[in-house]
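J.: Pasting a structure below so you can have a look.
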Amino acid sequence: MPPRKTFALVGRSRVLDPARFAVRGDLADVRLADQVFAPHYAAPLPRVVAVEAPLRATRAADGDTLATLAPGDSFELLDITGELAWGVAPASGLVGYVPATALRDAA
């Protein structure tokens, strides 16, 4: 087991770009636990994009498209709510929402 990092929460939290850092008001990527406080943390689950899908900045179907994910692209799943999956597209480093049906388990 790797040694644990120690840290202390001091001063104000820094504001992180939600398109680059997987942080929401209710949830954050566990890899950011030493940088931000969140009510819950999630460990990313590896997934693969099965069909071309838009990576959107928000849940809205007409929200800004950050990128288009291609079949075979990796996706680090952090949350599924309804028909949307939220997580990180490692190739671009972008964070957003994709249709959950566009993802499959990583081999």
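Ordering of the structure tokens sets the chain letters (A, B, ...); residue numbers start at 1 within each chain; ligands are numbered from 1 in the order shown.
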List the neighbours of region 39-43 of chain A out to 6 Å using only C-alpha atoms; skip same-chain residues closer than 5 positions along the sequence, and give me the result as number ranges by chain.
T.: A: 26-30, 78
J.: I'd like the contact shell of Thr65 (chain A) - 8 Å cut-off, only C-alpha atoms, skipping same-chain residues fewer than 2 positions apart - returned as number ranges by chain.
T.: A: 54-57, 63, 67-68
J.: Could those residues be written to a file, using C-alpha atoms, as a PDB file, in the first residue's frame?
T.:
ATOM      1  CA  PRO A  54     -20.983  14.640 -27.064  1.00  0.00           C
ATOM      2  CA  LEU A  55     -19.233  15.576 -23.835  1.00  0.00           C
ATOM      3  CA  ARG A  56     -21.371  18.400 -22.467  1.00  0.00           C
ATOM      4  CA  ALA A  57     -20.526  20.987 -19.837  1.00  0.00           C
ATOM      5  CA  GLY A  63     -25.672  22.592 -23.224  1.00  0.00           C
ATOM      6  CA  ALA A  67     -15.750  17.699 -27.140  1.00  0.00           C
ATOM      7  CA  THR A  68     -17.029  14.795 -29.182  1.00  0.00           C
TER       8      THR A  68
END
J.: Which neighbours of Leu45 (chain A) fall inside 10 Å, counting only C-alpha atoms, when residues of the same chain fewer than 2 positions from it are skipped, and could you give them as a PyMOL selection string?
T.: chain A and resi 42-43+47+75-79+87+105-106
J.: Apply DSSP to the backbone of this structure and, from chain A, keep only the residues in helix (DSSP H, G or I); write these as a list in words.
T.: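 The helix (DSSP H, G or I) residues within chain A come out as Val30, Arg31, Leu32, Ala100, Thr101 and Ala102 of chain A.
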J.: Kindly give the distance, in Å, that separates CA of Arg59 (chain A) and CA of Ala100 (chain A), rounded to a single decimal.
T.: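 If I compute the distance from CA of Arg59 (chain A) to CA of Ala100 (chain A), I get 11.8 Å.
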J.: Calculated over only C-alpha atoms, which of the candidates A:Leu84, A:Ala89, A:Asp64, A:Gly72 has the smallest distance to Thr101 (chain A)?
T.: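 Answer, going by the shortest atom-to-atom distance: A:Leu84.
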J.: Show which residues sit within 12 Å of Leu66 (chain A), as a list in words. Count only C-alpha atoms, and ignore same-chain residues fewer than 4 positions away.
T.: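 The residues that qualify are Pro18, Ala19, Arg20, Ala53, Pro54, Leu55, Arg56, Ala57, Thr58, Asp62, Val88, Ala89, Ser92, Gly93, Leu94, Val95, Gly96, Tyr97 and Val98 of chain A.
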J.: Any chance you could export the current selection's N, CA and C atoms as an mmCIF file, in the first residue's frame?
T.:
data_model
loop_
_atom_site.group_PDB
_atom_site.id
_atom_site.type_symbol
_atom_site.label_atom_id
_atom_site.label_comp_id
_atom_site.auth_asym_id
_atom_site.auth_seq_id
_atom_site.Cartn_x
_atom_site.Cartn_y
_atom_site.Cartn_z
ATOM 1 N N PRO A 18 -14.402 23.868 -13.643
ATOM 2 C CA PRO A 18 -15.179 22.632 -13.689
ATOM 3 C C PRO A 18 -15.043 21.860 -15.005
ATOM 4 N N ALA A 19 -14.510 22.491 -16.038
ATOM 5 C CA ALA A 19 -14.268 21.780 -17.292
ATOM 6 C C ALA A 19 -12.966 20.982 -17.241
ATOM 7 N N ARG A 20 -12.115 21.282 -16.285
ATOM 8 C CA ARG A 20 -10.808 20.607 -16.172
ATOM 9 C C ARG A 20 -10.644 19.795 -14.887
ATOM 10 N N ALA A 53 -20.229 10.286 -28.966
ATOM 11 C CA ALA A 53 -21.090 10.974 -28.005
ATOM 12 C C ALA A 53 -20.539 12.353 -27.679
ATOM 13 N N PRO A 54 -21.434 13.310 -27.478
ATOM 14 C CA PRO A 54 -20.983 14.640 -27.064
ATOM 15 C C PRO A 54 -20.644 14.647 -25.576
ATOM 16 N N LEU A 55 -19.577 15.321 -25.235
ATOM 17 C CA LEU A 55 -19.233 15.576 -23.835
ATOM 18 C C LEU A 55 -19.720 16.989 -23.554
ATOM 19 N N ARG A 56 -20.739 17.104 -22.722
ATOM 20 C CA ARG A 56 -21.371 18.400 -22.467
ATOM 21 C C ARG A 56 -20.952 18.973 -21.120
ATOM 22 N N ALA A 57 -20.921 20.288 -21.059
ATOM 23 C CA ALA A 57 -20.526 20.987 -19.837
ATOM 24 C C ALA A 57 -21.572 20.866 -18.744
ATOM 25 N N THR A 58 -22.840 20.719 -19.133
ATOM 26 C CA THR A 58 -23.939 20.629 -18.173
ATOM 27 C C THR A 58 -24.835 19.452 -18.521
ATOM 28 N N ASP A 62 -29.139 20.734 -24.539
ATOM 29 C CA ASP A 62 -28.666 21.776 -25.446
ATOM 30 C C ASP A 62 -27.473 22.534 -24.863
ATOM 31 N N VAL A 88 -14.548 12.149 -16.461
ATOM 32 C CA VAL A 88 -13.387 12.756 -17.116
ATOM 33 C C VAL A 88 -13.062 12.005 -18.406
ATOM 34 N N ALA A 89 -12.829 12.773 -19.464
ATOM 35 C CA ALA A 89 -12.321 12.218 -20.720
ATOM 36 C C ALA A 89 -10.809 12.431 -20.698
ATOM 37 N N SER A 92 -8.558 14.352 -23.496
ATOM 38 C CA SER A 92 -8.634 15.810 -23.592
ATOM 39 C C SER A 92 -8.463 16.490 -22.240
ATOM 40 N N GLY A 93 -8.612 15.715 -21.171
ATOM 41 C CA GLY A 93 -8.547 16.288 -19.833
ATOM 42 C C GLY A 93 -9.801 17.054 -19.459
ATOM 43 N N LEU A 94 -10.867 16.872 -20.228
ATOM 44 C CA LEU A 94 -12.105 17.604 -19.977
ATOM 45 C C LEU A 94 -13.076 16.795 -19.121
ATOM 46 N N VAL A 95 -13.880 17.515 -18.355
ATOM 47 C CA VAL A 95 -14.867 16.926 -17.455
ATOM 48 C C VAL A 95 -16.248 17.308 -17.952
ATOM 49 N N GLY A 96 -17.153 16.349 -17.987
ATOM 50 C CA GLY A 96 -18.501 16.677 -18.416
ATOM 51 C C GLY A 96 -19.433 15.491 -18.378
ATOM 52 N N TYR A 97 -20.568 15.684 -19.038
ATOM 53 C CA TYR A 97 -21.651 14.708 -19.065
ATOM 54 C C TYR A 97 -21.763 14.071 -20.439
ATOM 55 N N VAL A 98 -21.974 12.749 -20.460
ATOM 56 C CA VAL A 98 -22.233 12.010 -21.693
ATOM 57 C C VAL A 98 -23.448 11.122 -21.454
#
J.: Between A:Pro44, A:Ser74, A:Pro99, A:Asp34, which one has atoms that come closest to Ala22 (chain A), using only C-alpha atoms?
T.: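 Counting only C-alpha atoms, the residue closest to Ala22 (chain A) is A:Pro44.
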J.: Distance CA of Leu69 (chain A)-CA of Leu32 (chain A), one decimal place?
T.: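 CA of Leu32 (chain A) lies at a distance of 23.7 Å from CA of Leu69 (chain A).
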J.: What is the distance, in Å and to one decimal place, between CA of Asp17 (chain A) and CA of Val51 (chain A)?
T.: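 Going from CA of Asp17 (chain A) over to CA of Val51 (chain A) covers 27.1 Å.
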